[in-house]
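A.B. asks: Submitted below is the structure of interest, expressed as structure tokens.
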Amino acid sequence: MNKARSTFERRLRAVARPTRAAVVSGAMFVLCNVQAVHAVSIELKDVASDRIERQRAATEGNLPLAGTPDLARLAERLAEKGIKPGSPILLRAFKSESEFEVWFRKDDGYVLFATYPVCNWSGTLGPKLREGDKQTPEGFYTVTRAQIRHLGRWPRSLNLGFPNVFDKAQSRSGSNILVHGGCSSVGCFAMTNAVIEEIYAFTEQALSAGQTFIPVHVYPFRLTKENLETQTSSPWYPFWTNMKTVYDSFERTKFPPRIGVCDGKYIVQDAAPGEGADPGPLAVCGATSAALQVLEQLPKAVRLQLTLLRNPPQAAPRSLAKDSPLYLNRPIQSAGSSATMQPNNGRSADLGSARSHELLQAQARALMDLPVPCSIRRTSCRRYVALHERAERRVMGSRRHARHASR
């Protein structure tokens, strides 16, 4: 017992001693303090020192962060700006500057009410590409009443709605990208608890007062001409140049522009002077809408091909249930053809015969010949397919549960 206690005390003293230890091949480090032991996990890939310092400050309890508005004077700050609670708002985030802005509508334009320091965001400059890459996204999103959270780890948070239709058209995947409290991030904007309370209150008040869609513009940095010229060698330079059209429109009019998606780009139209309606979610042109519809067929196409490969005619099962991957629940239009593939009139597909197998092969070829905007040979596209399959399984499970509950 004494030996075990001695070993424990040695380990405790080692933990309490102030150190900065690099772990996971230099990708993470732990900060320890003699008075209070704090462990902070920080991703070091292209992380600016200011983010590390803010995490350290939050961990040691040195809040509010430098640059935070006086949260205790909220009523006075609103009065000084001539802003009424419940007025429509616009949110803007800048990753490089680690700044988060709240703009309020006043008269025929929007005025900047507050700029908050972002305690932490994860990854580097550039958009989020896939689930699990721990990257904070870039783009144009909208928050509705359904996207404000009351439960979970972050009961006061805003769901950005990533991926938007632009992200989906680029086969980007991910979910639950939030603006929340605290100072830890795996793709979200962490604002500290006190700051998110204020931002959340503004959002809830605006939605309750009738604003249907709250625009959230997420930029890599302030897209001035000078800043963009320093990034010409970045692979994201064309994307950021496209984003600049939205940035310039708002800077010019001080009103959220109407934003659409077409041919792999954001398209923008200045808001009319004094326009009263919400800018609304992203509009989609016909070509992009068609591409998204095709992407929805990818899970079926891949499952159908895999099933055919695993079940040659001589070894195939005699029948498949309606919820089988081979049962296509809506018509599929073959590219370059007027022929429409439909489910087998509600009957199960018979793989026992060579003829049935040939029909299914033709069905798979028709699906795979659609003009898909990404190739299933690409890892990102296969991840997109896997996510859709997972979502479909959840839906089917929920439906089965509802059917059993109603009996």
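Starting from 1 in every chain, residues are counted up; chains themselves are A, B, ... following the order of the structure tokens, and ligands are numbered from 1 as listed.
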I'd like the neighbourhood of Pro137 (chain A) as an mmCIF file with N, CA and C atoms, in the first residue's frame, where a residue qualifies if any of its atoms comes within 10 Å (using only C-alpha atoms), though same-chain residues fewer than 5 positions away should be ignored.
C.D. replies:
```cif
data_model
loop_
_atom_site.group_PDB
_atom_site.id
_atom_site.type_symbol
_atom_site.label_atom_id
_atom_site.label_comp_id
_atom_site.auth_asym_id
_atom_site.auth_seq_id
_atom_site.Cartn_x
_atom_site.Cartn_y
_atom_site.Cartn_z
ATOM 1 N N LYS A 95 -11.968 34.136 -39.927
ATOM 2 C CA LYS A 95 -11.118 33.140 -39.288
ATOM 3 C C LYS A 95 -9.733 33.689 -38.965
ATOM 4 N N TRP A 121 -11.135 28.485 -33.115
ATOM 5 C CA TRP A 121 -11.689 27.775 -34.267
ATOM 6 C C TRP A 121 -10.616 26.806 -34.719
ATOM 7 N N SER A 122 -10.988 25.747 -35.407
ATOM 8 C CA SER A 122 -10.017 24.691 -35.677
ATOM 9 C C SER A 122 -9.649 24.608 -37.150
ATOM 10 N N GLY A 123 -8.512 23.985 -37.387
ATOM 11 C CA GLY A 123 -8.036 23.810 -38.754
ATOM 12 C C GLY A 123 -7.240 24.999 -39.224
ATOM 13 N N THR A 124 -7.272 25.220 -40.522
ATOM 14 C CA THR A 124 -6.497 26.275 -41.144
ATOM 15 C C THR A 124 -7.392 27.049 -42.099
ATOM 16 N N LEU A 125 -6.834 28.007 -42.822
ATOM 17 C CA LEU A 125 -7.625 28.740 -43.800
ATOM 18 C C LEU A 125 -8.026 27.805 -44.936
ATOM 19 N N GLY A 126 -9.230 28.013 -45.452
ATOM 20 C CA GLY A 126 -9.767 27.142 -46.487
ATOM 21 C C GLY A 126 -11.052 26.501 -46.003
ATOM 22 N N PRO A 127 -11.900 26.029 -46.919
ATOM 23 C CA PRO A 127 -13.214 25.484 -46.541
ATOM 24 C C PRO A 127 -13.116 24.122 -45.884
ATOM 25 N N LYS A 128 -14.192 23.744 -45.227
ATOM 26 C CA LYS A 128 -14.306 22.379 -44.694
ATOM 27 C C LYS A 128 -14.633 21.447 -45.852
ATOM 28 N N LEU A 129 -13.953 20.304 -45.925
ATOM 29 C CA LEU A 129 -14.125 19.403 -47.054
ATOM 30 C C LEU A 129 -14.870 18.123 -46.708
ATOM 31 N N ARG A 130 -14.662 17.593 -45.502
ATOM 32 C CA ARG A 130 -15.255 16.288 -45.207
ATOM 33 C C ARG A 130 -15.484 16.144 -43.702
ATOM 34 N N LEU A 160 -24.884 26.243 -37.920
ATOM 35 C CA LEU A 160 -24.732 26.981 -39.175
ATOM 36 C C LEU A 160 -25.476 26.343 -40.343
ATOM 37 N N PHE A 162 -24.242 23.645 -42.011
ATOM 38 C CA PHE A 162 -23.268 23.065 -42.940
ATOM 39 C C PHE A 162 -23.603 21.587 -43.143
ATOM 40 N N PRO A 163 -23.536 21.072 -44.376
ATOM 41 C CA PRO A 163 -23.165 21.743 -45.628
ATOM 42 C C PRO A 163 -24.359 22.463 -46.261
ATOM 43 N N ASP A 167 -21.766 23.615 -50.722
ATOM 44 C CA ASP A 167 -20.908 22.557 -50.190
ATOM 45 C C ASP A 167 -21.337 21.191 -50.728
ATOM 46 N N GLY A 174 -20.164 16.848 -43.654
ATOM 47 C CA GLY A 174 -19.984 17.243 -42.263
ATOM 48 C C GLY A 174 -21.334 17.537 -41.648
ATOM 49 N N ILE A 177 -21.983 21.870 -37.263
ATOM 50 C CA ILE A 177 -20.996 22.937 -37.126
ATOM 51 C C ILE A 177 -21.688 24.094 -36.406
ATOM 52 N N GLY A 187 -14.129 22.191 -35.415
ATOM 53 C CA GLY A 187 -14.829 22.625 -36.617
ATOM 54 C C GLY A 187 -15.787 23.768 -36.361
ATOM 55 N N CYS A 188 -15.983 24.109 -35.085
ATOM 56 C CA CYS A 188 -16.959 25.139 -34.713
ATOM 57 C C CYS A 188 -16.257 26.449 -34.356
ATOM 58 N N PHE A 189 -17.063 27.467 -34.077
ATOM 59 C CA PHE A 189 -16.567 28.716 -33.514
ATOM 60 C C PHE A 189 -16.877 28.710 -32.019
ATOM 61 N N VAL A 218 -19.232 33.469 -43.366
ATOM 62 C CA VAL A 218 -17.989 32.984 -42.763
ATOM 63 C C VAL A 218 -16.860 33.148 -43.773
ATOM 64 N N TYR A 219 -15.908 34.023 -43.462
ATOM 65 C CA TYR A 219 -14.810 34.347 -44.371
ATOM 66 C C TYR A 219 -13.476 33.833 -43.832
ATOM 67 N N PRO A 220 -12.518 33.575 -44.730
ATOM 68 C CA PRO A 220 -11.184 33.187 -44.257
ATOM 69 C C PRO A 220 -10.468 34.363 -43.602
#
```
A.B. asks: Using only C-alpha atoms, can you tell me which of A:Val284, A:Leu74, A:Val186, A:Ala58 comes closest to Asp133 (chain A)?
C.D. replies: A:Val186
A.B. asks: Hey, what does DSSP flag as strand (DSSP E or B) within region 49-273 of chain A? Can you give it to me as an MDAnalysis selection string?
C.D. replies: chainID A and resid 89:94 99:106 109:117 120:121 139:143 148:149 157:159 178:180 189:190 214:219 258:262 265:269
A.B. asks: Interatomic distance between CA of Arg73 (chain A) and CA of Val216 (chain A)?
C.D. replies: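 Interatomic distance, CA of Arg73 (chain A) to CA of Val216 (chain A): 25.0 Å.
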A.B. asks: Which residues, written as an NGL selection string, have at least one atom at most 12 Å from Val111 (chain A), with only C-alpha atoms counted and residues fewer than 2 positions away on the same chain left out?
C.D. replies: :A and (78 or 81-83 or 87-91 or 101-109 or 113-115 or 250-251 or 253-256)
A.B. asks: Could you tell me how far CA of Ser175 (chain A) sits from CA of Glu131 (chain A), in Å to one decimal place?
C.D. replies: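 Here the two named atoms are 7.1 Å from each other.
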A.B. asks: Between A:Gln170, A:Ala146, A:Leu223, A:Ser249, which residue has the minimum interatomic distance to Tyr237 (chain A), considering only C-alpha atoms?
C.D. replies: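 Of the candidates, the smallest distance to Tyr237 (chain A) is held by A:Leu223.
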A.B. asks: DSSP on the backbone, then: every residue of region 61-295 of chain A marked alpha helix (DSSP H), written as number ranges by chain.
C.D. replies: A: 74-81, 165-169, 193-208, 225-229, 237-253, 286-295
A.B. asks: How about saving the chosen residues, C-alpha atoms kept, as a compact mmCIF listing (two decimals), in the first residue's frame?
C.D. replies:
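The result, written out as again-v2.txt:
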```txt
# COMPACT_ATOMS: atom_id res chain seq x y z
CA LEU A 74 -25.74 45.59 -22.88
CA ALA A 75 -28.72 47.94 -22.45
CA GLU A 76 -26.47 51.00 -22.57
CA ARG A 77 -24.59 49.72 -25.63
CA LEU A 78 -27.86 49.14 -27.50
CA ALA A 79 -29.10 52.61 -26.58
CA GLU A 80 -25.84 54.22 -27.70
CA LYS A 81 -26.26 52.65 -31.15
CA VAL A 165 -26.12 23.63 -51.25
CA PHE A 166 -22.77 24.96 -52.50
CA ASP A 167 -20.91 22.56 -50.19
CA LYS A 168 -23.14 19.66 -51.26
CA ALA A 169 -22.50 20.41 -54.94
CA ASN A 193 -19.94 31.04 -22.48
CA ALA A 194 -20.59 34.69 -21.63
CA VAL A 195 -20.28 35.88 -25.25
CA ILE A 196 -22.46 33.14 -26.74
CA GLU A 197 -25.20 34.06 -24.25
CA GLU A 198 -25.32 37.55 -25.78
CA ILE A 199 -25.16 36.36 -29.41
CA TYR A 200 -27.76 33.67 -28.72
CA ALA A 201 -30.11 36.22 -27.15
CA PHE A 202 -29.85 38.50 -30.21
CA THR A 203 -30.58 35.54 -32.50
CA GLU A 204 -33.55 34.30 -30.48
CA GLN A 205 -35.03 37.82 -30.24
CA ALA A 206 -34.69 38.42 -33.99
CA LEU A 207 -36.34 35.09 -34.85
CA SER A 208 -39.15 35.70 -32.34
CA LYS A 225 -8.14 43.70 -52.36
CA GLU A 226 -4.89 44.08 -50.42
CA ASN A 227 -5.45 40.96 -48.30
CA LEU A 228 -6.48 38.86 -51.28
CA GLU A 229 -3.38 39.86 -53.24
CA TYR A 237 -7.57 31.81 -54.24
CA PRO A 238 -10.30 31.30 -56.91
CA PHE A 239 -12.81 30.30 -54.22
CA TRP A 240 -11.95 33.34 -52.10
CA THR A 241 -12.16 35.61 -55.16
CA ASN A 242 -15.67 34.26 -55.71
CA MET A 243 -16.55 34.89 -52.03
CA LYS A 244 -15.31 38.46 -52.41
CA THR A 245 -18.32 39.30 -54.61
CA VAL A 246 -20.58 38.79 -51.59
CA TYR A 247 -18.18 40.62 -49.28
CA ASP A 248 -18.03 43.61 -51.65
CA SER A 249 -21.81 43.70 -52.09
CA PHE A 250 -22.39 44.03 -48.35
CA GLU A 251 -19.58 46.55 -47.90
CA ARG A 252 -21.09 48.61 -50.70
CA THR A 253 -24.77 48.49 -49.70
CA GLY A 286 -31.23 24.62 -62.68
CA ALA A 287 -27.84 23.07 -63.46
CA THR A 288 -26.83 22.94 -59.80
CA SER A 289 -30.22 21.57 -58.78
CA ALA A 290 -29.86 18.78 -61.35
CA ALA A 291 -26.35 17.98 -60.11
CA LEU A 292 -27.60 17.73 -56.53
CA GLN A 293 -30.38 15.39 -57.62
CA VAL A 294 -27.79 13.19 -59.31
CA LEU A 295 -25.69 13.14 -56.15
```
A.B. asks: Could you tell me how far CA of Gly161 (chain A) sits from CA of Glu99 (chain A), in Å to one decimal place?
C.D. replies: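 Computing it gives 20.0 Å between the two atoms.
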